Amino acid sequence: MKNVAANLRYWASGFAIAGLGVIAARWIAPGFEGTARLAWTIGGELFALTGLLIIAIGVRRRVAAASAASNDAT
Amino acid sequence: MHFSDLLNIFQGITSLLESSWSIMLARIFLMLLGMLLVYLGKKGTLEPLLMIPMGLGMSAVNAGVLFLDPTTAAAVNEAPVAADAATHGTLFMAPMVQNTDNLMYILQIDFLQPIYTFAFSNGLIACFVFMGIGVLLDVGFVLARPFLSMFLALCAELGTVATFPIAVAMGFDYREAASIAMVGCADGPMVLFTSLTLAKHMFVPITVVAYLYLGLTYGGYPYLIRLLIPAKLRAIKMPAKKSLKVTADEKLTFAVVACTVLCLLFPSAAPLFLSLFVGVAVREAGLSYFVSVIDGPLLYGATMFLGLLLGVLCEASVILDPKVLVLLVLGILALLLSGIGGIIGGYLAYFFSGRKINPVIGIAGVSCVPSTAKVAQKEVSKVRPDSIILPEALGANISGVITSAILTGIYVTLIPLLK
C-alpha cells in the first residue's frame, strides 16, 4: 500500500469530499421538500463523484511522475 | 376412443389450433424467430452466448404449450378452474404467480421456476454477470486517464438521458420510461436490474429488446463511425505515451472507496455496485481461485441461464402487448443516441486536445465492454493499421460501465420520488 500512502493527501481529500457529498445527498436533502430537496440531492451526488475524481487525478499524477522519473533515470 | 383423444397426444399442435388467430400466429412467429436467433448467434452476427439459449428457449416455450390439469391451472391462474376447463400453459415456468402457496406448488412442477424465482426475478443473475464483468475489468485504464475516460463515458450516456423524456412523451409513465431509457447504456445487467426495480410488469420485453439490440451494436456501430467520422480523422495516430502503470494496491483501494461511496449515495443500486467492485477487488487482490470461479462457471453459467430464461419468457401472450412495438423503436433510438453522443464526445476531445485525439475513441464510451472498444480499434486499424487507440478506448469503455451504474442508481433512487 506504499503508493497509496505516498499519495495520501489526494486519497484523504477525495474521500472527505465524497463523504461531504454523501452527507448532503442522504442526510441534509431529506430535510427539504420539492426543488430544494432535488437541488441538495443532485448537488451532493455531484460533490461525492467529484471526490472520486480527485482520487483518480491523484493516482494519475503519481503514475505520471513515476513514469517521468523512470524516463530521467534511463 | 375418439379422434379428439388422439389429438390430445399432440397437445402442442392441438393447443395451437385451438388458440385465437393472434396467439396462434404469434406462437408460430416466435418459434421461427427463436430459430433465427440461434442461426444468427451461430453465425456470429449476434452474441452467441446469449442468443443460442434464448433462441432455443423461445422456440421451445411457444411449441411446448399443453392443457394443464385443473390443480396446476388453478395455481398458475391464481383462481379456481373448472374440472373440465382446457387451460393452456407450459411446464417451463409461471412468472406471474405471486401467492406463496401457489408459488410453492409451481416450484415443484415447472423446471425453470426455481431459477426464475430465486435467481432471476430478484436480480441475482444480473449481479452474477456484473461480478464477472468486474473481474474482467482493469480500472487502471480509468485511473490512468480519468478526465478523458469520464468525459467520453458521460457523452455516451446521451441515449440513456434523452430517451427518458421521449418515452414519457410517448405515453409511458416515469418508471417505464426510465427502464426503457436504460437500454441506451448498452449494459444488459443494468437494464434488467432497472426494469425489475422500476417496471416489473415490462421487464421481459424491455430486457429482450435490450439484449437483442446489444448483440447488434458490434455490427451496427462501425457504420455509424464511418458515417459520422471521415477517414482522415479516423486515421489520426494518437500521441505515443509510455504505458502508465497503476498498481494493484491503488486499484483495490479505489474499488473499496468507490463501492462504499456509491452504495452510500445510491443504496437502491447497492447490489450492482457491490457485484461490480467485488469482482474488481478479487482481481486486484490476486485471489486467483475466486477469479477463476467468477469469470468461469459463475459468469458463463449466469449468462446461459439468463439467455434461456429470457427466451422462455418470450411467450406469445407477453409479446402481443402493443407497447412492445414502441419499445423496439425506443430501444434502437436510445442506442443510436448513445453512439452519437459518444462520437460527439470524441470530436470534442479531438478539438480540445489540439486535434491530437482520435475522435473514434468516443464510441468506446458506450459501456458494452469490450465490444465498443474493439469496434473503435477495428475501425481505426482499417484506415491506419499502425494506430493503436485501445488503451484510451478501454479507459472510456470501463468508465462507461461505472457511469452507467451511477445512472442506474440515479434513476432507481430519483424516479420513485417524482410524482
# chains A, B, ... in the order shown; residues from 1 in each chain; ligands from 1
>>> interface_residues(of="chain A", to="chain B", cutoff="8 Å", atoms="only C-alpha atoms", output="mmCIF file with C-alpha atoms, in the first residue's frame")
data_model
loop_
_atom_site.group_PDB
_atom_site.id
_atom_site.type_symbol
_atom_site.label_atom_id
_atom_site.label_comp_id
_atom_site.auth_asym_id
_atom_site.auth_seq_id
_atom_site.Cartn_x
_atom_site.Cartn_y
_atom_site.Cartn_z
ATOM 1 C CA MET A 1 0.000 0.000 0.000
ATOM 2 C CA ASN A 3 1.771 4.012 -3.377
ATOM 3 C CA VAL A 4 -1.499 4.846 -1.619
ATOM 4 C CA PHE A 15 -12.623 10.609 0.406
ATOM 5 C CA ALA A 18 -17.025 12.345 -1.287
ATOM 6 C CA GLY A 19 -18.162 11.951 2.314
ATOM 7 C CA VAL A 22 -22.930 11.803 0.708
ATOM 8 C CA ALA A 25 -27.397 13.993 -0.591
ATOM 9 C CA ARG A 26 -28.522 11.454 2.010
ATOM 10 C CA GLU A 45 -24.201 13.441 -5.618
ATOM 11 C CA ALA A 48 -19.408 12.935 -3.978
ATOM 12 C CA LEU A 52 -13.822 10.082 -6.536
ATOM 13 C CA LEU A 53 -12.472 12.092 -9.463
ATOM 14 C CA ILE A 55 -8.683 10.349 -6.105
ATOM 15 C CA ALA A 56 -8.363 9.340 -9.767
ATOM 16 C CA ILE A 57 -6.469 12.572 -10.529
ATOM 17 C CA VAL A 59 -3.356 8.386 -8.951
ATOM 18 C CA ARG A 60 -2.863 9.814 -12.439
ATOM 19 C CA VAL A 63 1.780 7.460 -12.144
ATOM 20 C CA ALA A 64 2.832 10.283 -14.492
ATOM 21 C CA SER A 67 6.881 7.493 -15.442
#
>>> residues_around(residues="Ser292 (chain B)", least_positions_apart="3", cutoff="12 Å", atoms="only C-alpha atoms", output="list in words")
Met131, Gly132, Val135, Leu136, Gly279, Val282, Arg283, Gly286, Leu287, Ser288, Tyr289, Asp295, Gly296, Pro297, Leu298, Leu299 and Tyr300 of chain B
>>> select_by_dssp(residues="chain A", states="alpha helix (DSSP H)", output="PyMOL selection string")
chain A and resi 2-6+8-23+34-73
>>> atom_distance(atom1="CA of Ile236 (chain B)", atom2="CA of Val375 (chain B)")
15.9 Å
>>> residues_around(residues="region 51-58 of chain B", least_positions_apart="2", cutoff="9 Å", atoms="only C-alpha atoms", output="PyMOL selection string")
chain B and resi 30-42+46-49+60-63+211-212+215+304-315
>>> write_last_selection(atoms="C-alpha atoms", output="compact mmCIF listing (two decimals), in the first residue's frame")
# COMPACT_ATOMS: atom_id res chain seq x y z
CA LEU B 30 -41.83 -16.70 -32.10
CA MET B 31 -40.88 -20.30 -32.87
CA LEU B 32 -39.40 -19.13 -36.17
CA LEU B 33 -37.78 -16.06 -34.55
CA GLY B 34 -36.15 -18.34 -31.99
CA MET B 35 -34.68 -20.46 -34.77
CA LEU B 36 -33.44 -17.30 -36.49
CA LEU B 37 -31.75 -16.11 -33.29
CA VAL B 38 -29.93 -19.45 -32.99
CA TYR B 39 -28.79 -19.15 -36.61
CA LEU B 40 -27.62 -15.54 -36.17
CA GLY B 41 -25.86 -16.47 -32.93
CA LYS B 42 -24.02 -19.35 -34.59
CA LEU B 46 -25.50 -11.65 -32.66
CA GLU B 47 -23.82 -12.65 -29.40
CA PRO B 48 -23.94 -16.48 -29.42
CA LEU B 49 -23.57 -16.91 -25.65
CA ALA B 60 -39.43 -24.44 -27.13
CA VAL B 61 -41.77 -22.41 -24.90
CA ASN B 62 -44.03 -21.47 -27.81
CA ALA B 63 -44.08 -25.05 -29.08
CA TYR B 211 -30.21 -7.91 -25.34
CA LEU B 212 -31.23 -8.26 -28.99
CA GLY B 215 -25.90 -8.01 -29.89
CA MET B 304 -26.50 -19.17 -20.13
CA PHE B 305 -29.44 -19.21 -17.74
CA LEU B 306 -30.10 -15.53 -18.40
CA GLY B 307 -30.42 -16.24 -22.11
CA LEU B 308 -32.52 -19.35 -21.50
CA LEU B 309 -34.89 -17.58 -19.12
CA LEU B 310 -35.28 -14.58 -21.41
CA GLY B 311 -36.16 -16.90 -24.28
CA VAL B 312 -38.65 -18.88 -22.18
CA LEU B 313 -40.24 -15.63 -21.01
CA CYS B 314 -41.00 -14.75 -24.65
CA GLU B 315 -44.37 -16.39 -24.70
>>> residues_around(residues="Ser19 (chain B)", least_positions_apart="6", cutoff="12 Å", atoms="only C-alpha atoms", output="PyMOL selection string")
chain B and resi 11-13+25-28+65-67+86-89+316-317
>>> write_last_selection(atoms="all heavy atoms", output="compact mmCIF listing (two decimals), in the first residue's frame")
# COMPACT_ATOMS: atom_id res chain seq x y z
N GLN B 11 -50.50 -32.33 -27.86
CA GLN B 11 -51.18 -31.16 -27.31
C GLN B 11 -50.55 -29.85 -27.78
O GLN B 11 -51.23 -28.83 -27.81
CB GLN B 11 -51.18 -31.22 -25.77
CG GLN B 11 -52.07 -32.32 -25.24
CD GLN B 11 -52.22 -32.26 -23.74
OE1 GLN B 11 -51.88 -31.28 -23.09
NE2 GLN B 11 -52.75 -33.33 -23.17
N GLY B 12 -49.28 -29.88 -28.12
CA GLY B 12 -48.64 -28.67 -28.65
C GLY B 12 -49.35 -28.19 -29.90
O GLY B 12 -49.58 -26.99 -30.07
N ILE B 13 -49.72 -29.15 -30.76
CA ILE B 13 -50.39 -28.80 -32.01
C ILE B 13 -51.86 -28.48 -31.73
O ILE B 13 -52.41 -27.51 -32.25
CB ILE B 13 -50.27 -29.95 -33.03
CG1 ILE B 13 -48.80 -30.18 -33.36
CG2 ILE B 13 -51.07 -29.65 -34.29
CD1 ILE B 13 -48.53 -31.41 -34.18
N LEU B 25 -50.70 -17.13 -34.50
CA LEU B 25 -49.69 -16.52 -35.38
C LEU B 25 -48.48 -16.06 -34.57
O LEU B 25 -47.32 -16.21 -35.01
CB LEU B 25 -50.29 -15.34 -36.15
CG LEU B 25 -51.30 -15.73 -37.23
CD1 LEU B 25 -51.99 -14.48 -37.79
CD2 LEU B 25 -50.62 -16.50 -38.36
N ALA B 26 -48.74 -15.52 -33.38
CA ALA B 26 -47.62 -15.07 -32.53
C ALA B 26 -46.75 -16.24 -32.11
O ALA B 26 -45.51 -16.14 -32.13
CB ALA B 26 -48.16 -14.35 -31.30
N ARG B 27 -47.37 -17.36 -31.77
CA ARG B 27 -46.58 -18.54 -31.37
C ARG B 27 -45.73 -19.04 -32.53
O ARG B 27 -44.55 -19.36 -32.36
CB ARG B 27 -47.51 -19.65 -30.86
CG ARG B 27 -47.93 -19.49 -29.40
CD ARG B 27 -48.86 -20.60 -28.95
NE ARG B 27 -48.24 -21.92 -29.10
CZ ARG B 27 -48.88 -23.06 -28.91
NH1 ARG B 27 -50.16 -23.08 -28.58
NH2 ARG B 27 -48.25 -24.22 -29.07
N ILE B 28 -46.32 -19.10 -33.72
CA ILE B 28 -45.56 -19.58 -34.89
C ILE B 28 -44.42 -18.61 -35.17
O ILE B 28 -43.28 -19.01 -35.43
CB ILE B 28 -46.49 -19.74 -36.11
CG1 ILE B 28 -47.49 -20.88 -35.85
CG2 ILE B 28 -45.68 -20.01 -37.37
CD1 ILE B 28 -48.60 -20.96 -36.87
N VAL B 65 -46.71 -25.89 -25.53
CA VAL B 65 -47.93 -25.49 -24.79
C VAL B 65 -48.84 -26.70 -24.69
O VAL B 65 -49.06 -27.41 -25.68
CB VAL B 65 -48.63 -24.33 -25.51
CG1 VAL B 65 -49.91 -23.94 -24.77
CG2 VAL B 65 -47.72 -23.13 -25.62
N LEU B 66 -49.34 -26.96 -23.48
CA LEU B 66 -50.22 -28.11 -23.30
C LEU B 66 -51.45 -27.70 -22.50
O LEU B 66 -51.60 -26.53 -22.14
CB LEU B 66 -49.46 -29.25 -22.60
CG LEU B 66 -48.63 -28.92 -21.35
CD1 LEU B 66 -49.49 -28.69 -20.12
CD2 LEU B 66 -47.64 -30.04 -21.06
N PHE B 67 -52.34 -28.68 -22.22
CA PHE B 67 -53.53 -28.42 -21.40
C PHE B 67 -53.18 -28.78 -19.97
O PHE B 67 -52.90 -29.94 -19.66
CB PHE B 67 -54.72 -29.25 -21.88
CG PHE B 67 -55.10 -28.96 -23.30
CD1 PHE B 67 -54.89 -29.89 -24.30
CD2 PHE B 67 -55.65 -27.73 -23.64
CE1 PHE B 67 -55.23 -29.61 -25.62
CE2 PHE B 67 -55.99 -27.45 -24.96
CZ PHE B 67 -55.77 -28.40 -25.95
N ALA B 86 -60.21 -26.31 -20.34
CA ALA B 86 -58.97 -26.63 -21.08
C ALA B 86 -58.07 -25.40 -21.01
O ALA B 86 -58.12 -24.53 -21.87
CB ALA B 86 -59.30 -26.98 -22.53
N THR B 87 -57.23 -25.33 -19.96
CA THR B 87 -56.36 -24.16 -19.77
C THR B 87 -55.01 -24.45 -20.40
O THR B 87 -54.37 -25.46 -20.12
CB THR B 87 -56.17 -23.90 -18.26
OG1 THR B 87 -57.42 -23.91 -17.62
CG2 THR B 87 -55.47 -22.57 -18.04
N HIS B 88 -54.58 -23.51 -21.25
CA HIS B 88 -53.27 -23.66 -21.90
C HIS B 88 -52.18 -23.20 -20.95
O HIS B 88 -52.35 -22.24 -20.20
CB HIS B 88 -53.20 -22.80 -23.16
CG HIS B 88 -54.13 -23.24 -24.24
ND1 HIS B 88 -54.18 -22.63 -25.47
CD2 HIS B 88 -55.04 -24.24 -24.28
CE1 HIS B 88 -55.09 -23.22 -26.23
NE2 HIS B 88 -55.63 -24.20 -25.52
N GLY B 89 -51.05 -23.87 -21.01
CA GLY B 89 -49.90 -23.47 -20.20
C GLY B 89 -48.69 -24.29 -20.58
O GLY B 89 -48.75 -25.13 -21.48
N ALA B 316 -46.07 -15.99 -26.35
CA ALA B 316 -46.87 -15.17 -27.27
C ALA B 316 -47.68 -14.12 -26.53
O ALA B 316 -47.77 -12.97 -26.96
CB ALA B 316 -47.79 -16.07 -28.08
N SER B 317 -48.27 -14.49 -25.40
CA SER B 317 -49.14 -13.54 -24.69
C SER B 317 -48.37 -12.33 -24.19
O SER B 317 -48.92 -11.23 -24.09
CB SER B 317 -49.83 -14.24 -23.53
OG SER B 317 -48.87 -14.88 -22.72
>>> residues_around(residues="Val129 (chain B)", least_positions_apart="5", cutoff="7 Å", atoms="only C-alpha atoms", output="PyMOL selection string")
chain B and resi 189+299+302-303
>>> write_last_selection(atoms="N, CA and C atoms", output="short mmCIF file (atom, residue, chain, number, x, y, z; two decimals), in the first residue's frame")
data_model
loop_
_atom_site.label_atom_id
_atom_site.label_comp_id
_atom_site.auth_asym_id
_atom_site.auth_seq_id
_atom_site.Cartn_x
_atom_site.Cartn_y
_atom_site.Cartn_z
N PRO B 189 -27.12 -6.32 -17.77
CA PRO B 189 -27.48 -6.48 -16.35
C PRO B 189 -28.12 -5.23 -15.76
N LEU B 299 -19.87 -16.60 -14.27
CA LEU B 299 -20.24 -15.67 -15.35
C LEU B 299 -20.94 -16.41 -16.48
N ALA B 302 -24.32 -17.97 -15.37
CA ALA B 302 -25.34 -16.93 -15.26
C ALA B 302 -25.77 -16.46 -16.65
N THR B 303 -24.81 -16.30 -17.55
CA THR B 303 -25.13 -15.84 -18.91
C THR B 303 -26.03 -16.85 -19.61
#
>>> residues_around(residues="Phe118 (chain B)", least_positions_apart="6", cutoff="12 Å", atoms="only C-alpha atoms", output="VMD selection string")
chain B and resid 95 103 to 104 107 112 124 to 125
>>> residues_around(residues="Thr197 (chain B)", least_positions_apart="4", cutoff="10 Å", atoms="only C-alpha atoms", output="PDB file with C-alpha atoms, in the first residue's frame")
ATOM      1  CA  SER B 121     -36.653 -12.017 -10.526  1.00  0.00           C
ATOM      2  CA  ASN B 122     -34.584 -10.766  -7.578  1.00  0.00           C
ATOM      3  CA  GLY B 123     -31.708  -9.625  -9.834  1.00  0.00           C
ATOM      4  CA  ARG B 175     -40.797   4.296 -14.163  1.00  0.00           C
ATOM      5  CA  SER B 179     -36.421   1.437 -17.663  1.00  0.00           C
ATOM      6  CA  VAL B 191     -31.237  -2.818 -17.949  1.00  0.00           C
ATOM      7  CA  LEU B 192     -32.501  -5.973 -16.230  1.00  0.00           C
ATOM      8  CA  PHE B 193     -31.877  -4.540 -12.747  1.00  0.00           C
ATOM      9  CA  PHE B 203     -39.093  -6.203 -17.696  1.00  0.00           C
ATOM     10  CA  SER B 268     -31.168   1.032  -4.168  1.00  0.00           C
ATOM     11  CA  ALA B 269     -28.433   0.111  -6.647  1.00  0.00           C
ATOM     12  CA  VAL B 412     -33.651   3.894  -9.312  1.00  0.00           C
TER      13      VAL B 412
END
>>> atom_distance(atom1="CA of Ile54 (chain A)", atom2="CA of Ser371 (chain B)")
28.6 Å
>>> atom_distance(atom1="CA of Lys323 (chain B)", atom2="CA of Tyr213 (chain B)")
16.9 Å
